[in-house]
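Here is the file entry-v9.csv (CSV, N, CA and C atoms).
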chain,number,residue,atom,x,y,z
Y,1,MET,N,4.9,16.5,11.0
Y,1,MET,CA,4.2,15.4,11.6
Y,1,MET,C,5.0,14.1,11.4
Y,2,PRO,N,5.4,13.4,12.5
Y,2,PRO,CA,6.1,12.2,12.3
Y,2,PRO,C,5.3,11.1,11.7
Y,3,GLU,N,5.9,10.3,10.9
Y,3,GLU,CA,5.2,9.2,10.2
Y,3,GLU,C,5.0,8.1,11.3
Y,4,ARG,N,3.8,7.5,11.3
Y,4,ARG,CA,3.5,6.4,12.2
Y,4,ARG,C,3.4,5.1,11.5
Y,5,SER,N,4.0,4.1,12.0
Y,5,SER,CA,4.0,2.8,11.3
Y,5,SER,C,4.0,1.7,12.3
Y,6,ASN,N,3.4,0.6,12.0
Y,6,ASN,CA,3.4,-0.6,12.9
Y,6,ASN,C,3.9,-1.8,12.1
Y,7,PRO,N,5.2,-2.1,12.1
Y,7,PRO,CA,5.7,-3.1,11.2
Y,7,PRO,C,5.1,-4.5,11.5
Y,8,VAL,N,4.8,-4.8,12.8
Y,8,VAL,CA,4.2,-6.1,13.1
Y,8,VAL,C,2.8,-6.2,12.5
Y,9,ALA,N,2.0,-5.2,12.6
Y,9,ALA,CA,0.7,-5.2,12.0
Y,9,ALA,C,0.8,-5.3,10.5
Y,10,GLN,N,1.7,-4.6,9.9
Y,10,GLN,CA,1.9,-4.6,8.5
Y,10,GLN,C,2.3,-6.1,8.0
Y,11,ARG,N,3.2,-6.7,8.7
Y,11,ARG,CA,3.6,-8.1,8.4
Y,11,ARG,C,2.4,-9.0,8.5
Y,12,ALA,N,1.6,-8.9,9.6
Y,12,ALA,CA,0.4,-9.7,9.8
Y,12,ALA,C,-0.6,-9.5,8.6
Y,13,LEU,N,-0.8,-8.3,8.2
Y,13,LEU,CA,-1.8,-8.0,7.1
Y,13,LEU,C,-1.3,-8.7,5.9
Y,14,PHE,N,0.0,-8.6,5.5
Y,14,PHE,CA,0.5,-9.2,4.3
Y,14,PHE,C,0.5,-10.7,4.3
Y,15,CYS,N,1.0,-11.2,5.4
Y,15,CYS,CA,1.2,-12.7,5.5
Y,15,CYS,C,-0.1,-13.4,5.7
Y,16,ASN,N,-1.1,-12.8,6.3
Y,16,ASN,CA,-2.4,-13.5,6.5
Y,16,ASN,C,-3.2,-13.5,5.2
Y,17,GLU,N,-2.7,-12.8,4.1
Y,17,GLU,CA,-3.4,-12.9,2.8
Y,17,GLU,C,-2.5,-13.6,1.8
Y,18,ASP,N,-1.3,-13.9,2.1
Y,18,ASP,CA,-0.4,-14.6,1.2
Y,18,ASP,C,-0.5,-16.1,1.2
Y,19,ALA,N,-1.1,-16.6,0.2
Y,19,ALA,CA,-1.3,-18.1,0.1
Y,19,ALA,C,-0.1,-18.8,-0.5
Y,20,GLY,N,1.0,-18.1,-0.7
Y,20,GLY,CA,2.2,-18.8,-1.3
Y,20,GLY,C,2.9,-19.7,-0.3
Y,21,ASP,N,3.9,-20.4,-0.8
Y,21,ASP,CA,4.7,-21.2,0.0
Y,21,ASP,C,5.4,-20.4,1.1
Y,22,ARG,N,5.4,-20.8,2.3
Y,22,ARG,CA,6.0,-20.0,3.4
Y,22,ARG,C,7.3,-20.5,3.8
Y,23,SER,N,8.0,-21.3,3.1
Y,23,SER,CA,9.3,-21.8,3.5
Y,23,SER,C,10.4,-20.9,3.1
Y,24,PHE,N,11.5,-21.0,3.9
Y,24,PHE,CA,12.7,-20.2,3.6
Y,24,PHE,C,13.3,-20.7,2.3
Y,25,ALA,N,13.3,-22.0,2.1
Y,25,ALA,CA,13.9,-22.5,0.8
Y,25,ALA,C,13.1,-22.0,-0.4
Y,26,SER,N,11.8,-21.9,-0.3
Y,26,SER,CA,11.0,-21.4,-1.5
Y,26,SER,C,11.4,-19.9,-1.7
Y,27,ALA,N,11.5,-19.2,-0.7
Y,27,ALA,CA,11.8,-17.7,-0.9
Y,27,ALA,C,13.2,-17.6,-1.5
Y,28,TRP,N,14.2,-18.4,-1.0
Y,28,TRP,CA,15.6,-18.4,-1.6
Y,28,TRP,C,15.6,-18.8,-3.0
Y,29,ASP,N,14.8,-19.8,-3.4
Y,29,ASP,CA,14.8,-20.2,-4.8
Y,29,ASP,C,14.2,-19.1,-5.7
Y,30,ALA,N,13.1,-18.5,-5.2
Y,30,ALA,CA,12.5,-17.4,-6.0
Y,30,ALA,C,13.5,-16.2,-6.2
Y,31,TYR,N,14.3,-15.9,-5.2
Y,31,TYR,CA,15.3,-14.9,-5.3
Y,31,TYR,C,16.3,-15.3,-6.3
Y,32,ARG,N,16.8,-16.5,-6.2
Y,32,ARG,CA,17.8,-17.0,-7.2
Y,32,ARG,C,17.3,-16.9,-8.6
Y,33,ARG,N,16.0,-17.3,-8.8
Y,33,ARG,CA,15.4,-17.2,-10.1
Y,33,ARG,C,15.4,-15.8,-10.6
Y,34,ARG,N,15.0,-14.8,-9.7
Y,34,ARG,CA,15.0,-13.4,-10.1
Y,34,ARG,C,16.4,-13.0,-10.6
Y,35,LEU,N,17.5,-13.4,-9.9
Y,35,LEU,CA,18.8,-13.0,-10.2
Y,35,LEU,C,19.2,-13.6,-11.6
Y,36,ALA,N,18.8,-14.8,-11.8
Y,36,ALA,CA,19.1,-15.5,-13.1
Y,36,ALA,C,18.3,-14.8,-14.3
Y,37,ARG,N,17.1,-14.5,-14.0
Y,37,ARG,CA,16.3,-13.9,-15.1
Y,37,ARG,C,16.7,-12.4,-15.4
Y,38,TRP,N,17.0,-11.7,-14.4
Y,38,TRP,CA,17.3,-10.3,-14.5
Y,38,TRP,C,18.7,-10.0,-13.8
Y,39,PRO,N,19.8,-10.4,-14.5
Y,39,PRO,CA,21.1,-10.3,-13.9
Y,39,PRO,C,21.5,-8.9,-13.5
Y,40,VAL,N,21.1,-7.9,-14.2
Y,40,VAL,CA,21.5,-6.5,-13.9
Y,40,VAL,C,20.6,-5.9,-12.8
Y,41,THR,N,19.3,-6.0,-12.9
Y,41,THR,CA,18.4,-5.4,-11.9
Y,41,THR,C,18.0,-6.3,-10.8
Y,42,GLY,N,18.2,-7.6,-11.0
Y,42,GLY,CA,17.7,-8.6,-10.0
Y,42,GLY,C,18.3,-8.3,-8.6
Y,43,ARG,N,19.6,-7.9,-8.6
Y,43,ARG,CA,20.2,-7.6,-7.3
Y,43,ARG,C,19.7,-6.4,-6.5
Y,44,SER,N,18.9,-5.6,-7.3
Y,44,SER,CA,18.3,-4.5,-6.5
Y,44,SER,C,17.1,-4.9,-5.7
Y,45,SER,N,16.6,-6.1,-5.9
Y,45,SER,CA,15.6,-6.6,-5.0
Y,45,SER,C,16.2,-7.5,-4.0
Y,46,LEU,N,16.2,-7.0,-2.8
Y,46,LEU,CA,16.9,-7.7,-1.7
Y,46,LEU,C,16.2,-9.0,-1.4
Y,47,PHE,N,17.0,-9.9,-0.9
Y,47,PHE,CA,16.4,-11.2,-0.4
Y,47,PHE,C,15.8,-10.9,0.9
Y,48,PHE,N,14.5,-11.0,0.9
Y,48,PHE,CA,13.7,-10.7,2.1
Y,48,PHE,C,12.5,-11.6,2.1
Y,49,PRO,N,12.5,-12.7,2.9
Y,49,PRO,CA,11.3,-13.6,2.9
Y,49,PRO,C,10.4,-13.2,4.1
Y,50,PRO,N,9.5,-12.2,3.9
Y,50,PRO,CA,8.7,-11.7,5.0
Y,50,PRO,C,7.8,-12.7,5.6
Y,51,CYS,N,7.3,-13.7,4.8
Y,51,CYS,CA,6.3,-14.6,5.4
Y,51,CYS,C,6.9,-16.0,5.6
Y,52,ALA,N,8.2,-16.2,5.4
Y,52,ALA,CA,8.8,-17.5,5.7
Y,52,ALA,C,8.6,-17.8,7.1
Y,53,GLY,N,8.0,-19.0,7.4
Y,53,GLY,CA,7.8,-19.4,8.8
Y,53,GLY,C,6.5,-18.9,9.4
Y,54,TRP,N,5.7,-18.1,8.7
Y,54,TRP,CA,4.5,-17.6,9.2
Y,54,TRP,C,3.5,-18.8,9.3
Y,55,THR,N,3.0,-19.1,10.5
Y,55,THR,CA,2.3,-20.3,10.8
Y,55,THR,C,0.8,-20.1,10.8
Y,56,LEU,N,0.3,-18.9,10.8
Y,56,LEU,CA,-1.2,-18.7,10.8
Y,56,LEU,C,-1.8,-19.0,9.4
Y,57,PRO,N,-3.0,-19.5,9.4
Y,57,PRO,CA,-3.6,-19.8,8.1
Y,57,PRO,C,-4.0,-18.6,7.4
Y,58,VAL,N,-4.1,-18.7,6.0
Y,58,VAL,CA,-4.5,-17.5,5.2
Y,58,VAL,C,-6.0,-17.3,5.5
Y,59,ARG,N,-6.3,-16.0,5.7
Y,59,ARG,CA,-7.7,-15.6,5.9
Y,59,ARG,C,-8.1,-14.6,4.8
Y,60,THR,N,-9.2,-14.9,4.2
Y,60,THR,CA,-9.7,-14.0,3.1
Y,60,THR,C,-10.3,-12.7,3.8
Y,61,THR,N,-10.0,-11.6,3.2
Y,61,THR,CA,-10.5,-10.3,3.7
Y,61,THR,C,-11.9,-10.1,3.0
Y,62,GLU,N,-12.9,-9.9,3.9
Y,62,GLU,CA,-14.2,-9.6,3.3
Y,62,GLU,C,-14.6,-8.2,3.6
Y,63,LEU,N,-14.7,-7.4,2.5
Y,63,LEU,CA,-15.0,-6.0,2.5
Y,63,LEU,C,-16.6,-5.9,2.4
Y,64,ARG,N,-17.1,-5.0,3.2
Y,64,ARG,CA,-18.5,-4.7,3.1
Y,64,ARG,C,-18.8,-3.3,3.4
Y,65,ARG,N,-19.9,-2.8,2.9
Y,65,ARG,CA,-20.3,-1.4,3.2
Y,65,ARG,C,-20.6,-1.2,4.7
Y,66,GLY,N,-20.2,-0.1,5.3
Y,66,GLY,CA,-20.5,0.2,6.7
Y,66,GLY,C,-21.4,1.4,6.7
Y,67,GLY,N,-21.9,1.7,7.9
Y,67,GLY,CA,-22.8,2.8,8.0
Y,67,GLY,C,-22.1,4.1,8.3
Y,68,GLY,N,-20.8,4.1,8.6
Y,68,GLY,CA,-20.1,5.4,8.9
Y,68,GLY,C,-19.5,6.0,7.7
Y,69,SER,N,-19.0,7.2,7.9
Y,69,SER,CA,-18.4,7.9,6.7
Y,69,SER,C,-17.0,7.5,6.6
Y,70,LEU,N,-16.5,7.5,5.4
Y,70,LEU,CA,-15.2,7.0,5.1
Y,70,LEU,C,-14.5,7.8,4.0
Y,71,MET,N,-13.3,8.2,4.3
Y,71,MET,CA,-12.5,8.9,3.2
Y,71,MET,C,-11.3,8.0,2.9
Y,72,LEU,N,-11.2,7.7,1.6
Y,72,LEU,CA,-10.1,7.0,1.1
Y,72,LEU,C,-9.2,7.9,0.3
Y,73,SER,N,-7.9,7.7,0.3
Y,73,SER,CA,-7.0,8.5,-0.5
Y,73,SER,C,-6.2,7.6,-1.4
Y,74,GLY,N,-6.0,8.0,-2.6
Y,74,GLY,CA,-5.2,7.3,-3.6
Y,74,GLY,C,-4.3,8.2,-4.4
Y,75,HIS,N,-3.1,7.7,-4.7
Y,75,HIS,CA,-2.1,8.5,-5.4
Y,75,HIS,C,-2.3,8.1,-6.9
Y,76,LEU,N,-2.6,9.1,-7.7
Y,76,LEU,CA,-3.0,8.9,-9.1
Y,76,LEU,C,-1.9,8.2,-9.9
Y,77,HIS,N,-0.7,8.3,-9.7
Y,77,HIS,CA,0.4,7.7,-10.5
Y,77,HIS,C,1.3,6.8,-9.8
Y,78,GLU,N,0.8,6.3,-8.7
Y,78,GLU,CA,1.7,5.4,-7.8
Y,78,GLU,C,1.7,4.0,-8.3
Y,79,GLY,N,2.9,3.3,-8.1
Y,79,GLY,CA,3.1,1.9,-8.5
Y,79,GLY,C,2.7,0.9,-7.5
Y,80,PRO,N,3.2,1.1,-6.2
Y,80,PRO,CA,3.0,0.1,-5.2
Y,80,PRO,C,1.6,-0.2,-4.9
Y,81,SER,N,0.7,0.8,-4.9
Y,81,SER,CA,-0.7,0.6,-4.7
Y,81,SER,C,-1.5,1.4,-5.7
Y,82,PRO,N,-1.7,0.8,-6.9
Y,82,PRO,CA,-2.3,1.6,-8.0
Y,82,PRO,C,-3.6,2.3,-7.6
Y,83,TYR,N,-3.9,3.4,-8.2
Y,83,TYR,CA,-5.1,4.2,-8.0
Y,83,TYR,C,-6.3,3.4,-8.2
Y,84,GLU,N,-6.3,2.5,-9.2
Y,84,GLU,CA,-7.5,1.7,-9.4
Y,84,GLU,C,-7.9,0.9,-8.2
Y,85,TRP,N,-7.0,0.5,-7.4
Y,85,TRP,CA,-7.3,-0.2,-6.2
Y,85,TRP,C,-8.1,0.6,-5.2
Y,86,THR,N,-7.8,1.9,-5.2
Y,86,THR,CA,-8.6,2.8,-4.3
Y,86,THR,C,-10.1,2.9,-4.8
Y,87,LEU,N,-10.2,2.9,-6.1
Y,87,LEU,CA,-11.6,3.0,-6.7
Y,87,LEU,C,-12.3,1.6,-6.5
Y,88,ASP,N,-11.6,0.5,-6.6
Y,88,ASP,CA,-12.2,-0.8,-6.3
Y,88,ASP,C,-12.6,-0.9,-4.8
Y,89,THR,N,-11.8,-0.4,-3.9
Y,89,THR,CA,-12.1,-0.4,-2.5
Y,89,THR,C,-13.4,0.5,-2.3
Y,90,GLN,N,-13.4,1.7,-2.9
Y,90,GLN,CA,-14.6,2.5,-2.7
Y,90,GLN,C,-15.8,1.8,-3.2
Y,91,ALA,N,-15.7,1.1,-4.4
Y,91,ALA,CA,-16.9,0.4,-4.9
Y,91,ALA,C,-17.4,-0.7,-3.9
Y,92,ALA,N,-16.4,-1.3,-3.1
Y,92,ALA,CA,-16.8,-2.4,-2.2
Y,92,ALA,C,-17.3,-1.8,-0.9
Y,93,VAL,N,-16.7,-0.7,-0.4
Y,93,VAL,CA,-17.1,-0.3,1.0
Y,93,VAL,C,-17.8,1.1,1.0
Y,94,GLY,N,-17.8,1.8,-0.1
Y,94,GLY,CA,-18.4,3.1,-0.1
Y,94,GLY,C,-17.4,4.2,0.3
Y,95,GLY,N,-18.0,5.3,0.7
Y,95,GLY,CA,-17.1,6.5,1.1
Y,95,GLY,C,-16.8,7.3,-0.1
Y,96,SER,N,-15.9,8.3,0.1
Y,96,SER,CA,-15.4,9.2,-0.9
Y,96,SER,C,-13.9,9.0,-1.1
Y,97,VAL,N,-13.4,9.5,-2.3
Y,97,VAL,CA,-12.0,9.3,-2.6
Y,97,VAL,C,-11.4,10.7,-2.7
Y,98,VAL,N,-10.2,10.9,-2.1
Y,98,VAL,CA,-9.4,12.0,-2.2
Y,98,VAL,C,-8.3,11.6,-3.2
Y,99,THR,N,-8.2,12.2,-4.3
Y,99,THR,CA,-7.1,11.9,-5.3
Y,99,THR,C,-5.9,12.8,-5.1
Y,100,VAL,N,-4.8,12.2,-4.9
Y,100,VAL,CA,-3.5,12.9,-4.7
Y,100,VAL,C,-2.8,12.8,-6.0
Y,101,ASP,N,-2.5,13.9,-6.6
Y,101,ASP,CA,-1.9,14.0,-7.9
Y,101,ASP,C,-0.4,13.9,-7.9
Y,102,ASP,N,0.1,12.6,-7.6
Y,102,ASP,CA,1.5,12.4,-7.6
Y,102,ASP,C,1.8,10.9,-7.7
Y,103,ASP,N,3.0,10.5,-7.5
Y,103,ASP,CA,3.4,9.1,-7.6
Y,103,ASP,C,4.2,8.6,-6.3
Y,104,VAL,N,4.0,9.4,-5.2
Y,104,VAL,CA,4.7,9.1,-4.0
Y,104,VAL,C,3.9,8.5,-2.9
Y,105,HIS,N,4.0,7.3,-2.6
Y,105,HIS,CA,3.2,6.6,-1.6
Y,105,HIS,C,3.3,7.3,-0.2
Y,106,GLY,N,2.2,7.7,0.3
Y,106,GLY,CA,2.2,8.4,1.6
Y,106,GLY,C,2.6,9.8,1.6
Y,107,SER,N,2.6,10.5,0.5
Y,107,SER,CA,3.1,11.9,0.4
Y,107,SER,C,2.1,12.8,1.0
Y,108,ALA,N,0.8,12.4,1.2
Y,108,ALA,CA,-0.2,13.4,1.7
Y,108,ALA,C,0.3,13.9,3.1
Y,109,LEU,N,1.0,13.1,3.8
Y,109,LEU,CA,1.5,13.5,5.2
Y,109,LEU,C,2.6,14.6,5.1
Y,110,HIS,N,3.2,14.7,4.0
Y,110,HIS,CA,4.4,15.6,3.8
Y,110,HIS,C,4.2,16.8,2.9
Y,111,VAL,N,3.0,16.8,2.2
Y,111,VAL,CA,2.8,17.9,1.4
Y,111,VAL,C,1.9,19.0,2.1
Y,112,PRO,N,2.4,20.2,2.3
Y,112,PRO,CA,1.7,21.2,3.1
Y,112,PRO,C,0.2,21.3,2.6
Y,113,GLY,N,-0.7,21.2,3.6
Y,113,GLY,CA,-2.1,21.3,3.3
Y,113,GLY,C,-2.9,20.1,2.9
Y,114,CYS,N,-2.2,19.1,2.4
Y,114,CYS,CA,-2.9,17.9,1.9
Y,114,CYS,C,-3.6,17.1,3.0
Y,115,ALA,N,-2.8,16.7,4.0
Y,115,ALA,CA,-3.4,15.9,5.1
Y,115,ALA,C,-4.4,16.8,5.8
Y,116,GLU,N,-4.1,18.1,6.0
Y,116,GLU,CA,-5.0,19.0,6.7
Y,116,GLU,C,-6.4,19.0,6.0
Y,117,LYS,N,-6.4,19.0,4.7
Y,117,LYS,CA,-7.6,19.1,3.9
Y,117,LYS,C,-8.5,17.8,4.2
Y,118,MET,N,-7.8,16.7,4.3
Y,118,MET,CA,-8.5,15.4,4.6
Y,118,MET,C,-9.0,15.4,6.0
Y,119,VAL,N,-8.2,15.8,7.0
Y,119,VAL,CA,-8.6,15.8,8.4
Y,119,VAL,C,-9.6,16.8,8.7
Y,120,ALA,N,-9.7,17.9,8.0
Y,120,ALA,CA,-10.7,19.0,8.2
Y,120,ALA,C,-12.1,18.4,8.1
Y,121,TYR,N,-12.3,17.3,7.4
Y,121,TYR,CA,-13.6,16.7,7.3
Y,121,TYR,C,-14.2,16.4,8.6
Y,122,PHE,N,-13.4,16.0,9.6
Y,122,PHE,CA,-13.8,15.6,10.9
Y,122,PHE,C,-14.3,16.8,11.7
Y,123,GLU,N,-13.8,18.0,11.3
Y,123,GLU,CA,-14.1,19.2,12.0
Y,123,GLU,C,-15.3,20.0,11.3
Y,124,THR,N,-15.3,19.9,10.0
Y,124,THR,CA,-16.2,20.8,9.2
Y,124,THR,C,-17.3,20.0,8.5
Y,125,GLY,N,-17.1,18.7,8.3
Y,125,GLY,CA,-18.0,17.9,7.5
Y,125,GLY,C,-17.8,18.0,6.0
Y,126,ARG,N,-17.0,19.0,5.6
Y,126,ARG,CA,-16.7,19.2,4.1
Y,126,ARG,C,-15.7,18.2,3.7
Y,127,ARG,N,-15.9,17.6,2.6
Y,127,ARG,CA,-15.0,16.6,2.0
Y,127,ARG,C,-14.2,17.3,0.9
Y,128,THR,N,-12.9,17.0,0.9
Y,128,THR,CA,-12.0,17.4,-0.2
Y,128,THR,C,-12.0,16.3,-1.3
Y,129,ARG,N,-11.8,16.7,-2.5
Y,129,ARG,CA,-11.7,15.7,-3.6
Y,129,ARG,C,-10.3,15.4,-4.1
Y,130,ALA,N,-9.4,16.4,-3.9
Y,130,ALA,CA,-8.1,16.3,-4.5
Y,130,ALA,C,-7.0,17.0,-3.7
Y,131,CYS,N,-5.8,16.6,-3.8
Y,131,CYS,CA,-4.6,17.3,-3.3
Y,131,CYS,C,-3.6,17.3,-4.4
Y,132,ARG,N,-2.8,18.3,-4.5
Y,132,ARG,CA,-1.7,18.4,-5.5
Y,132,ARG,C,-0.7,17.4,-5.4
Y,133,GLY,N,-0.3,17.1,-4.2
Y,133,GLY,CA,0.8,16.1,-3.9
Y,133,GLY,C,2.2,16.6,-4.3
Y,134,VAL,N,3.1,15.8,-4.3
Y,134,VAL,CA,4.5,16.1,-4.7
Y,134,VAL,C,4.6,16.4,-6.2
Y,135,PRO,N,5.2,17.5,-6.6
Y,135,PRO,CA,5.2,17.8,-8.0
Y,135,PRO,C,5.8,16.7,-8.8
Y,136,LEU,N,5.2,16.4,-9.9
Y,136,LEU,CA,5.6,15.3,-10.8
Y,136,LEU,C,6.9,15.7,-11.5
Y,137,PRO,N,7.8,14.8,-11.8
Y,137,PRO,CA,9.0,15.1,-12.6
Y,137,PRO,C,8.6,15.5,-14.0
Y,138,GLU,N,9.4,16.4,-14.6
Y,138,GLU,CA,9.1,16.8,-15.9
Y,138,GLU,C,9.8,16.0,-16.9

Mind turning this structure into structure tokens?
Amino acid sequence: MPERSNPVAQRALFCNEDAGDRSFASAWDAYRRRLARWPVTGRSSLFFPPCAGWTLPVRTTELRRGGGSLMLSGHLHEGPSPYEWTLDTQAAVGGSVVTVDDDVHGSALHVPGCAEKMVAYFETGRRTRACRGVPLPE
């Protein structure tokens, strides 16, 4: 199954919630500070000012419970979006959580059977609670 992504929508989601300075100069200064503070690993973070020049005002996201069914998935050991955030979202909006036992963002699409278990809910009404995910390193 090919991965689907919308980079414009992703940029809008991030920048509409980022209340930081939106200037190019500010982004460049932050990058130079990272290089000075972490001279060995700082270069591994590319200079990329995704919200520099973004002109729309910050809008607070308001989560609320809805009447429909919702399935959330969270990767148990992932860094970019910690599992706790999935539980926080569930507490705010309801639904059920599918726990993917790995540390790979988006792996449910690539692990045989995982995405199918989640999607089967729409055909059977049965909810899955977990997927094995990508095997963890030993």

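Between CA of Glu78 (chain Y) and CA of Phe14 (chain Y) there is a distance of 19.0 Å.
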
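Counting from CA of Leu76 (chain Y), the distance to CA of Ser44 (chain Y) is 25.3 Å.
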
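Nearest residue to Arg22 (chain Y), choosing from Y:Gly53, Y:Pro39, Y:Gly66, Y:Pro135 and counting only C-alpha atoms: Y:Gly53.
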
**Asked** Which neighbours of Val111 (chain Y) fall inside 8 Å, counting all atoms listed in the file, when residues of the same chain fewer than 3 positions from it are skipped, and could you give them as a PyMOL selection string?
**Response** chain Y and resi 106-108+114-116+132-134

Could you write those residues out with N, CA and C atoms, as a short mmCIF file (atom, residue, chain, number, x, y, z; two decimals), keeping the file's coordinate frame?
data_model
loop_
_atom_site.label_atom_id
_atom_site.label_comp_id
_atom_site.auth_asym_id
_atom_site.auth_seq_id
_atom_site.Cartn_x
_atom_site.Cartn_y
_atom_site.Cartn_z
N GLY Y 106 2.20 7.70 0.30
CA GLY Y 106 2.20 8.40 1.60
C GLY Y 106 2.60 9.80 1.60
N SER Y 107 2.60 10.50 0.50
CA SER Y 107 3.10 11.90 0.40
C SER Y 107 2.10 12.80 1.00
N ALA Y 108 0.80 12.40 1.20
CA ALA Y 108 -0.20 13.40 1.70
C ALA Y 108 0.30 13.90 3.10
N CYS Y 114 -2.20 19.10 2.40
CA CYS Y 114 -2.90 17.90 1.90
C CYS Y 114 -3.60 17.10 3.00
N ALA Y 115 -2.80 16.70 4.00
CA ALA Y 115 -3.40 15.90 5.10
C ALA Y 115 -4.40 16.80 5.80
N GLU Y 116 -4.10 18.10 6.00
CA GLU Y 116 -5.00 19.00 6.70
C GLU Y 116 -6.40 19.00 6.00
N ARG Y 132 -2.80 18.30 -4.50
CA ARG Y 132 -1.70 18.40 -5.50
C ARG Y 132 -0.70 17.40 -5.40
N GLY Y 133 -0.30 17.10 -4.20
CA GLY Y 133 0.80 16.10 -3.90
C GLY Y 133 2.20 16.60 -4.30
N VAL Y 134 3.10 15.80 -4.30
CA VAL Y 134 4.50 16.10 -4.70
C VAL Y 134 4.60 16.40 -6.20
#

**Complete:** A straight line from atom C of Ala120 (chain Y) to atom C of Met71 (chain Y) spans 11.7 Å

Mind checking which residues fall within 6.5 Å of Cys51 (chain Y), counting only N, CA and C atoms, ignoring those fewer than 5 positions away in the same chain, and posting them as a short mmCIF file (atom, residue, chain, number, x, y, z; two decimals) with N, CA and C atoms, in the coordinates of the input?
data_model
loop_
_atom_site.label_atom_id
_atom_site.label_comp_id
_atom_site.auth_asym_id
_atom_site.auth_seq_id
_atom_site.Cartn_x
_atom_site.Cartn_y
_atom_site.Cartn_z
N CYS Y 15 1.00 -11.20 5.40
CA CYS Y 15 1.20 -12.70 5.50
C CYS Y 15 -0.10 -13.40 5.70
N ASP Y 21 3.90 -20.40 -0.80
CA ASP Y 21 4.70 -21.20 0.00
C ASP Y 21 5.40 -20.40 1.10
N ARG Y 22 5.40 -20.80 2.30
CA ARG Y 22 6.00 -20.00 3.40
C ARG Y 22 7.30 -20.50 3.80
N SER Y 23 8.00 -21.30 3.10
CA SER Y 23 9.30 -21.80 3.50
C SER Y 23 10.40 -20.90 3.10
#

**Message:** Just want the 9 Å neighbourhood of Glu17 (chain Y), counted on only C-alpha atoms, with same-chain residues fewer than 3 positions away dropped. Output as a PyMOL selection string.
**Reply:** chain Y and resi 12-14+57-61

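Taking only C-alpha atoms into account, Glu62 (chain Y) lies nearest to Y:Thr89 out of the set Y:Ser26, Y:Thr89, Y:Asn6, Y:Thr128.
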
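In this comparison, which uses only C-alpha atoms, the residue of Y:Ser45, Y:Ser73, Y:Ser81, Y:Ser5 approaching Ser96 (chain Y) most closely is Y:Ser73.
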
**Request:** Go through chain Y and collect every residue that DSSP, computed from the backbone, puts in helix (DSSP H, G or I); the answer should be as a VMD selection string.
**Result:** chain Y and resid 7 to 15 24 to 37 42 to 44 83 to 93 107 to 109 114 to 119 121 to 124

**Request:** Write down as an NGL selection string the residues belonging to region 3-132 of chain Y that are assigned strand (DSSP E) by DSSP computed on the backbone.
**Result:** :Y and (71-75 or 96-100 or 130-131)

**Complete:** One residue among Y:Arg34, Y:His75, Y:Arg43, Y:Arg129 is nearest to Val97 (chain Y) when using only N, CA and C atoms, and that residue is Y:Arg129

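When all atoms listed in the file are used to measure the gap to Pro137 (chain Y), the shortest distance among Y:Asp103, Y:Gly42, Y:Glu123, Y:Leu87 belongs to Y:Asp103.
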
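Using all atoms listed in the file for every distance, the candidate list Y:Asp102, Y:Gln90, Y:Arg64, Y:His110 yields Y:Asp102 as the residue closest to Leu136 (chain Y).
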